[in-house]
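Structure data follow from final-v8.cif (mmCIF, C-alpha atoms):
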data_model
#
loop_
_atom_site.group_PDB
_atom_site.id
_atom_site.type_symbol
_atom_site.label_atom_id
_atom_site.label_comp_id
_atom_site.auth_asym_id
_atom_site.auth_seq_id
_atom_site.Cartn_x
_atom_site.Cartn_y
_atom_site.Cartn_z
ATOM 1 C CA LYS A 562 33.934 -281.894 22.369
ATOM 2 C CA LEU A 563 31.542 -279.615 24.248
ATOM 3 C CA SER A 564 31.404 -275.858 23.732
ATOM 4 C CA PRO A 565 32.074 -273.574 26.724
ATOM 5 C CA GLU A 566 28.306 -272.893 26.956
ATOM 6 C CA ASP A 567 27.586 -276.632 27.056
ATOM 7 C CA GLU A 568 30.350 -277.217 29.625
ATOM 8 C CA ALA A 569 28.640 -274.637 31.852
ATOM 9 C CA LEU A 570 25.318 -276.468 31.410
ATOM 10 C CA MET A 571 26.955 -279.766 32.403
ATOM 11 C CA ASN A 572 28.815 -278.402 35.473
ATOM 12 C CA PRO A 573 27.078 -279.871 38.555
ATOM 13 C CA PHE A 574 28.555 -277.260 40.931
ATOM 14 C CA ASP A 575 27.877 -273.542 41.348
ATOM 15 C CA ALA A 576 30.556 -270.877 41.958
ATOM 16 C CA SER A 577 30.667 -271.609 45.692
ATOM 17 C CA GLY A 578 31.265 -275.339 45.131
ATOM 18 C CA LYS A 579 27.773 -276.504 46.147
ATOM 19 C CA ARG A 580 26.115 -279.194 44.028
ATOM 20 C CA LYS A 581 23.329 -277.660 41.970
ATOM 21 C CA LEU A 582 22.536 -280.603 39.658
ATOM 22 C CA THR A 583 21.830 -284.262 40.404
ATOM 23 C CA LYS A 584 23.390 -287.036 38.314
ATOM 24 C CA LYS A 585 19.982 -287.619 36.738
ATOM 25 C CA GLU A 586 19.738 -283.950 35.695
ATOM 26 C CA ILE A 587 23.250 -284.065 34.236
ATOM 27 C CA SER A 588 22.480 -287.189 32.194
ATOM 28 C CA TYR A 589 19.253 -285.571 30.934
ATOM 29 C CA ARG A 590 21.164 -282.451 29.864
ATOM 30 C CA SER A 591 23.837 -284.566 28.185
ATOM 31 C CA PHE A 592 21.168 -286.388 26.192
ATOM 32 C CA GLU A 593 19.534 -283.115 25.124
ATOM 33 C CA ILE A 594 22.872 -281.626 24.015
ATOM 34 C CA THR A 595 23.697 -284.611 21.801
ATOM 35 C CA ARG A 596 20.128 -285.248 20.625
ATOM 36 C CA PHE A 597 19.929 -282.252 18.284
ATOM 37 C CA ARG A 598 23.528 -282.049 17.072
ATOM 38 C CA SER A 599 24.447 -281.739 13.384
ATOM 39 C CA LEU A 600 24.352 -284.968 11.387
ATOM 40 C CA VAL A 601 26.797 -285.819 8.618
ATOM 41 C CA ALA A 602 26.338 -288.261 5.764
ATOM 42 C CA GLY A 603 27.061 -291.790 6.953
ATOM 43 C CA ASP A 604 26.139 -291.215 10.622
ATOM 44 C CA TYR A 605 24.243 -294.037 12.261
ATOM 45 C CA VAL A 606 20.940 -293.004 13.839
ATOM 46 C CA ALA A 607 17.892 -294.551 15.442
ATOM 47 C CA ALA A 608 14.850 -293.309 13.535
ATOM 48 C CA ARG A 609 11.121 -293.715 13.221
ATOM 49 C CA VAL A 610 9.921 -293.215 9.658
ATOM 50 C CA ALA A 611 6.500 -292.241 11.036
ATOM 51 C CA SER A 612 5.596 -291.277 14.585
ATOM 52 C CA HIS A 613 3.647 -294.505 15.197
ATOM 53 C CA GLU A 614 6.230 -296.965 13.827
ATOM 54 C CA LEU A 615 9.074 -298.849 15.494
ATOM 55 C CA TRP A 616 12.594 -297.444 15.752
ATOM 56 C CA ILE A 617 15.005 -298.638 13.049
ATOM 57 C CA LEU A 618 18.772 -298.454 12.663
ATOM 58 C CA ALA A 619 19.453 -296.113 9.755
ATOM 59 C CA ARG A 620 22.193 -293.999 8.227
ATOM 60 C CA VAL A 621 22.107 -290.351 7.255
ATOM 61 C CA VAL A 622 22.344 -289.755 3.488
ATOM 62 C CA LYS A 623 22.456 -285.942 3.396
ATOM 63 C CA LYS A 624 24.152 -283.617 5.898
ATOM 64 C CA TRP A 625 21.796 -281.879 8.350
ATOM 65 C CA ASP A 626 23.043 -278.756 10.117
ATOM 66 C CA ALA A 627 21.903 -278.060 13.663
ATOM 67 C CA LEU A 628 19.695 -275.063 14.258
ATOM 68 C CA SER A 629 21.246 -271.884 15.579
ATOM 69 C CA THR A 630 19.120 -272.179 18.746
ATOM 70 C CA SER A 631 21.289 -272.564 21.849
ATOM 71 C CA HIS A 632 21.103 -275.706 23.961
ATOM 72 C CA THR A 633 19.945 -273.607 26.902
ATOM 73 C CA GLU A 634 16.938 -272.438 24.879
ATOM 74 C CA LEU A 635 16.211 -275.985 23.682
ATOM 75 C CA MET A 636 16.255 -277.368 27.223
ATOM 76 C CA ASN A 637 13.916 -274.641 28.433
ATOM 77 C CA MET A 638 11.363 -275.419 25.701
ATOM 78 C CA THR A 639 8.486 -277.764 26.357
ATOM 79 C CA GLU A 640 8.430 -281.043 24.436
ATOM 80 C CA SER A 641 5.571 -279.792 22.243
ATOM 81 C CA LYS A 642 7.483 -276.599 21.324
ATOM 82 C CA ARG A 643 10.601 -278.630 20.460
ATOM 83 C CA GLU A 644 8.500 -281.018 18.393
ATOM 84 C CA SER A 645 6.907 -278.160 16.433
ATOM 85 C CA LEU A 646 10.344 -276.560 15.900
ATOM 86 C CA PHE A 647 11.879 -279.770 14.524
ATOM 87 C CA SER A 648 8.868 -281.355 12.797
ATOM 88 C CA ASN A 649 9.432 -279.344 9.591
ATOM 89 C CA GLN A 650 13.213 -280.074 9.662
ATOM 90 C CA LEU A 651 13.857 -283.149 7.514
ATOM 91 C CA VAL A 652 16.735 -285.619 7.717
ATOM 92 C CA TYR A 653 17.293 -287.907 4.734
ATOM 93 C CA ILE A 654 17.995 -291.470 5.851
ATOM 94 C CA GLN A 655 18.250 -295.020 4.510
ATOM 95 C CA ASP A 656 17.857 -298.264 6.396
ATOM 96 C CA SER A 657 21.343 -299.366 7.450
ATOM 97 C CA GLU A 658 21.024 -302.664 5.554
ATOM 98 C CA GLU A 659 20.119 -300.886 2.304
ATOM 99 C CA TYR A 660 22.523 -297.947 2.669
ATOM 100 C CA ASP A 661 24.352 -296.895 -0.479
ATOM 101 C CA GLY A 662 24.373 -293.112 0.007
ATOM 102 C CA ASP A 663 22.002 -292.460 -2.921
ATOM 103 C CA ILE A 664 19.833 -289.436 -2.082
ATOM 104 C CA ARG A 665 17.141 -290.628 -4.530
ATOM 105 C CA LYS A 666 16.514 -293.723 -2.354
ATOM 106 C CA ALA A 667 16.526 -291.779 0.916
ATOM 107 C CA LYS A 668 13.426 -291.256 3.041
ATOM 108 C CA PRO A 669 12.809 -287.820 4.555
ATOM 109 C CA VAL A 670 12.106 -288.083 8.297
ATOM 110 C CA ALA A 671 11.235 -285.273 10.701
ATOM 111 C CA ARG A 672 14.286 -284.392 12.821
ATOM 112 C CA HIS A 673 12.496 -284.966 16.137
ATOM 113 C CA LEU A 674 12.057 -288.629 15.095
ATOM 114 C CA VAL A 675 15.827 -289.141 14.630
ATOM 115 C CA LEU A 676 18.229 -289.897 17.491
ATOM 116 C CA PRO A 677 21.953 -289.727 16.717
ATOM 117 C CA LEU A 678 24.166 -292.590 17.805
ATOM 118 C CA PRO A 679 27.823 -292.241 18.844
ATOM 119 C CA ARG A 680 30.244 -291.743 15.953
ATOM 120 C CA SER A 681 33.130 -293.606 17.591
ATOM 121 C CA PHE A 682 33.982 -295.892 20.502
ATOM 122 C CA ASP A 683 35.526 -292.912 22.315
ATOM 123 C CA GLU A 684 32.332 -290.917 21.960
ATOM 124 C CA ALA A 685 30.257 -293.896 23.128
ATOM 125 C CA GLU A 686 32.481 -294.246 26.189
ATOM 126 C CA ASP A 687 32.115 -290.528 26.893
ATOM 127 C CA TRP A 688 28.312 -290.792 26.676
ATOM 128 C CA CYS A 689 28.332 -293.784 29.040
ATOM 129 C CA THR A 690 30.431 -292.027 31.659
ATOM 130 C CA ARG A 691 28.030 -289.067 31.597
ATOM 131 C CA CYS A 692 25.027 -291.342 32.093
ATOM 132 C CA ARG A 693 26.401 -293.249 35.075
#
Turn the structure described in the file into structure tokens.
Amino acid sequence: KLSPEDEALMNPFDASGKRKLTKKEISYRSFEITRFRSLVAGDYVAARVASHELWILARVVKKWDALSTSHTELMNMTESKRESLFSNQLVYIQDSEEYDGDIRKAKPVARHLVLPLPRSFDEAEDWCTRCR
């Protein structure tokens, strides 16, 4: 469920009813809103253990709380500023095939190298309708 601030970011029309955002801009904003959300233990994510490696399917081992920065601020940042903000934020993950929830076996990965995946079929459907 989106917050009122996020709903305003996703609204393609201004107060007079004129379209202010294209479908491409809306899908980009939707991705940015979900990209840096909080992660709970057991969430499936796509992750790169190092910036030069391939993406793997992994699961979160330890809860990661989202930063208090608003989505509006995040979207207005350049990619390099976002990367520097999230590079020291670590998410503890395990490969999905080896997942047992043991924090001692978890690998710390910089948050900007972790992409959350939908938590349910309903959420996946919601993401798909936003991207069309």
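If you count only C-alpha atoms and ignore residues fewer than 4 places along the chain from segment 601-605 of chain A, what sits within 6 Å of it is Ala619, Arg620, Val621, Val622, Lys623, Lys624 and Leu678 of chain A.
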Looking at all atoms listed in the file, which of A:Asp663, A:Glu593, A:Asp656, A:Asp626 is the one that sits closest to Leu676 of chain A?
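The answer is A:Glu593, which sits nearest to Leu676 of chain A.
Interatomic distance, atom CA of Leu674 of chain A to atom CA of Glu566 of chain A: 25.5 Å.
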Do you have the atom CA of Val610 of chain A-atom CA of Val670 of chain A distance handy?
5.7 Å
Out of A:Thr595, A:Thr690, A:His613, A:Arg590, which residue has the shortest atom-to-atom distance to Asn637 of chain A when counting only C-alpha atoms?
A:Arg590
Suppose you want the space between atom CA of Leu600 of chain A and atom CA of Thr633 of chain A; what is it in Å?
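Between atom CA of Leu600 of chain A and atom CA of Thr633 of chain A the gap is 19.7 Å.
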Kindly resolve the PyMOL selection byres ((chain A and resi 664) around 10) on the present coordinates and return the residues as a ChimeraX atom specification.
/A:621-623,653-655,661-663,665-669
The PyMOL selection byres ((chain A and resi 647) around 10) applied to the shown file, residues as a PDB file with C-alpha atoms, in the frame of the given file:
ATOM      1  CA  PHE A 597      19.929-282.252  18.284  1.00  0.00           C
ATOM      2  CA  LEU A 628      19.695-275.063  14.258  1.00  0.00           C
ATOM      3  CA  SER A 641       5.571-279.792  22.243  1.00  0.00           C
ATOM      4  CA  LYS A 642       7.483-276.599  21.324  1.00  0.00           C
ATOM      5  CA  ARG A 643      10.601-278.630  20.460  1.00  0.00           C
ATOM      6  CA  GLU A 644       8.500-281.018  18.393  1.00  0.00           C
ATOM      7  CA  SER A 645       6.907-278.160  16.433  1.00  0.00           C
ATOM      8  CA  LEU A 646      10.344-276.560  15.900  1.00  0.00           C
ATOM      9  CA  SER A 648       8.868-281.355  12.797  1.00  0.00           C
ATOM     10  CA  ASN A 649       9.432-279.344   9.591  1.00  0.00           C
ATOM     11  CA  GLN A 650      13.213-280.074   9.662  1.00  0.00           C
ATOM     12  CA  LEU A 651      13.857-283.149   7.514  1.00  0.00           C
ATOM     13  CA  ALA A 671      11.235-285.273  10.701  1.00  0.00           C
ATOM     14  CA  ARG A 672      14.286-284.392  12.821  1.00  0.00           C
ATOM     15  CA  HIS A 673      12.496-284.966  16.137  1.00  0.00           C
ATOM     16  CA  LEU A 674      12.057-288.629  15.095  1.00  0.00           C
TER      17      LEU A 674
END
Spell out the residues picked by the PyMOL selection byres ((chain A and resi 608) around 6) here, as a compact mmCIF listing (two decimals) with C-alpha atoms, keeping the file's coordinate frame.
# COMPACT_ATOMS: atom_id res chain seq x y z
CA ALA A 607 17.89 -294.55 15.44
CA ARG A 609 11.12 -293.71 13.22
CA TRP A 616 12.59 -297.44 15.75
CA ILE A 617 15.00 -298.64 13.05
CA LEU A 674 12.06 -288.63 15.10
CA VAL A 675 15.83 -289.14 14.63
Counting only C-alpha atoms, which residue out of A:Lys584, A:Phe592, A:Glu659, A:Leu618 sits closest to Trp688 of chain A?
A:Phe592
List as a short mmCIF file (atom, residue, chain, number, x, y, z; two decimals) with C-alpha atoms, keeping the file's coordinate frame the protein and nucleic acid residues near Cys689 of chain A, meaning an atom at most 12 Å away when only C-alpha atoms are counted, but skip any in the same chain fewer than 4 places from it.
data_model
loop_
_atom_site.label_atom_id
_atom_site.label_comp_id
_atom_site.auth_asym_id
_atom_site.auth_seq_id
_atom_site.Cartn_x
_atom_site.Cartn_y
_atom_site.Cartn_z
CA SER A 588 22.48 -287.19 32.19
CA SER A 591 23.84 -284.57 28.18
CA PHE A 592 21.17 -286.39 26.19
CA PRO A 679 27.82 -292.24 18.84
CA PHE A 682 33.98 -295.89 20.50
CA ASP A 683 35.53 -292.91 22.32
CA GLU A 684 32.33 -290.92 21.96
CA ALA A 685 30.26 -293.90 23.13
CA ARG A 693 26.40 -293.25 35.08
#
Just checking: using all atoms listed in the file, which residue out of A:Ala611, A:Ala569, A:Glu686, A:Val606 ends up closest to Leu582 of chain A?
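For Leu582 of chain A, the nearest of the candidates is A:Ala569.
You can rank A:Val652, A:Ile587, A:Met571, A:Ile594 by their closest distance to Thr630 of chain A using only C-alpha atoms, and at the top of that list sits A:Ile594.
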As AutoDock Vina command-line options: centre and edge lengths in Å, one decimal, of the axis-aligned box holding segment 570-573 of chain A with 6 Å per side:
--center_x 27.1 --center_y -278.2 --center_z 35.0 --size_x 15.5 --size_y 15.4 --size_z 19.1
